[in-house]
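Reviewing the structure listed below.
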Amino acid sequence: LTPCAVLYKKRKMAKNNQKETAEQENLEELSEDKLTNEEETVELTEEERLGQELAEQKDKYIRLYSEFENFRRRTAKEKIDAILNGSSGLMKELLPIVDDFDRAQNAFESATDVEVLKEGVELIYSKLVKTLENKGLKPMDSKETDFDVELHECITQFDGGEEKKGKVIDVVEKGYYMNDKVLRYAKVVVGS
């Protein structure tokens, strides 16, 4: 081969190499564009997925908040009902005693024997006390005990000598416990 033919062949090979390189670069650019488009598609689907998760979480939150509000309203209503109707059980148990008092009042108008009336009132009183004790009410036994600020309210002091000093001499108004808690303090006279 002549030197011109070799040079021509080299130039032709160089042109072919340039074409192949250009084609390869085009392929690389196309594949890069395709990858970029795929990444954008993946990003969009990722954004859509996150948007869906956010919507689901918001929905769950709203439902939970609604359930809590319903629960709060229901318990407030139940609490009000319990306060308003809490003593209905006691009232039902006191109704027979009220009926007994009505009968006793009618008997006062026509009765001549005072002893029978006294006995009837004592029976009604004992029935009332028993009903209240069943509900947890207990009277305090304060007479002749040491004065206790936690249980007694001193109305006055009276000289009772050395043996009665600091002791309850007289009970003006009984004190009561309700389920072992002081419901009303006893009003007492204390020896000094």
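Naming scheme: A, B, ... for chains in displayed order of the structure tokens; residues 1 onward per chain; ligands 1 onward as shown.
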
Region 127-140 of chain A surroundings by only C-alpha atoms, 12 Å radius, close-in-sequence under 2 positions cut, as a count of residues only
44

Select from chain A everything DSSP, run on the backbone, classes as alpha helix (DSSP H), then give the selection as a ChimeraX atom specification.
/A:3-85,88-110,114-134

Work out how far apart CA of Asp170 (chain A) and CA of Val190 (chain A) are and give it in Å to one decimal.
7.3 Å

Atomic distance CA of Ile80 (chain A) - CA of Ser66 (chain A), expressed in Å with one decimal:
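Between these atoms lies a distance of 21.2 Å.
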
Mind pulling up the distance from CA of Arg72 (chain A) to CA of Glu53 (chain A)?
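So the two atoms, CA of Glu53 (chain A) and CA of Arg72 (chain A), lie 28.2 Å apart.
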
Could you write out, as JSON, numbers by chain, all the residues of region 125-192 of chain A that DSSP marks as strand (DSSP E)?
{"A": [137, 138, 139, 152, 153, 154, 155, 156, 157, 158, 168, 169, 170, 171, 172, 173, 176, 177, 178, 181, 182, 183, 184, 186, 187, 188, 189, 190, 191]}
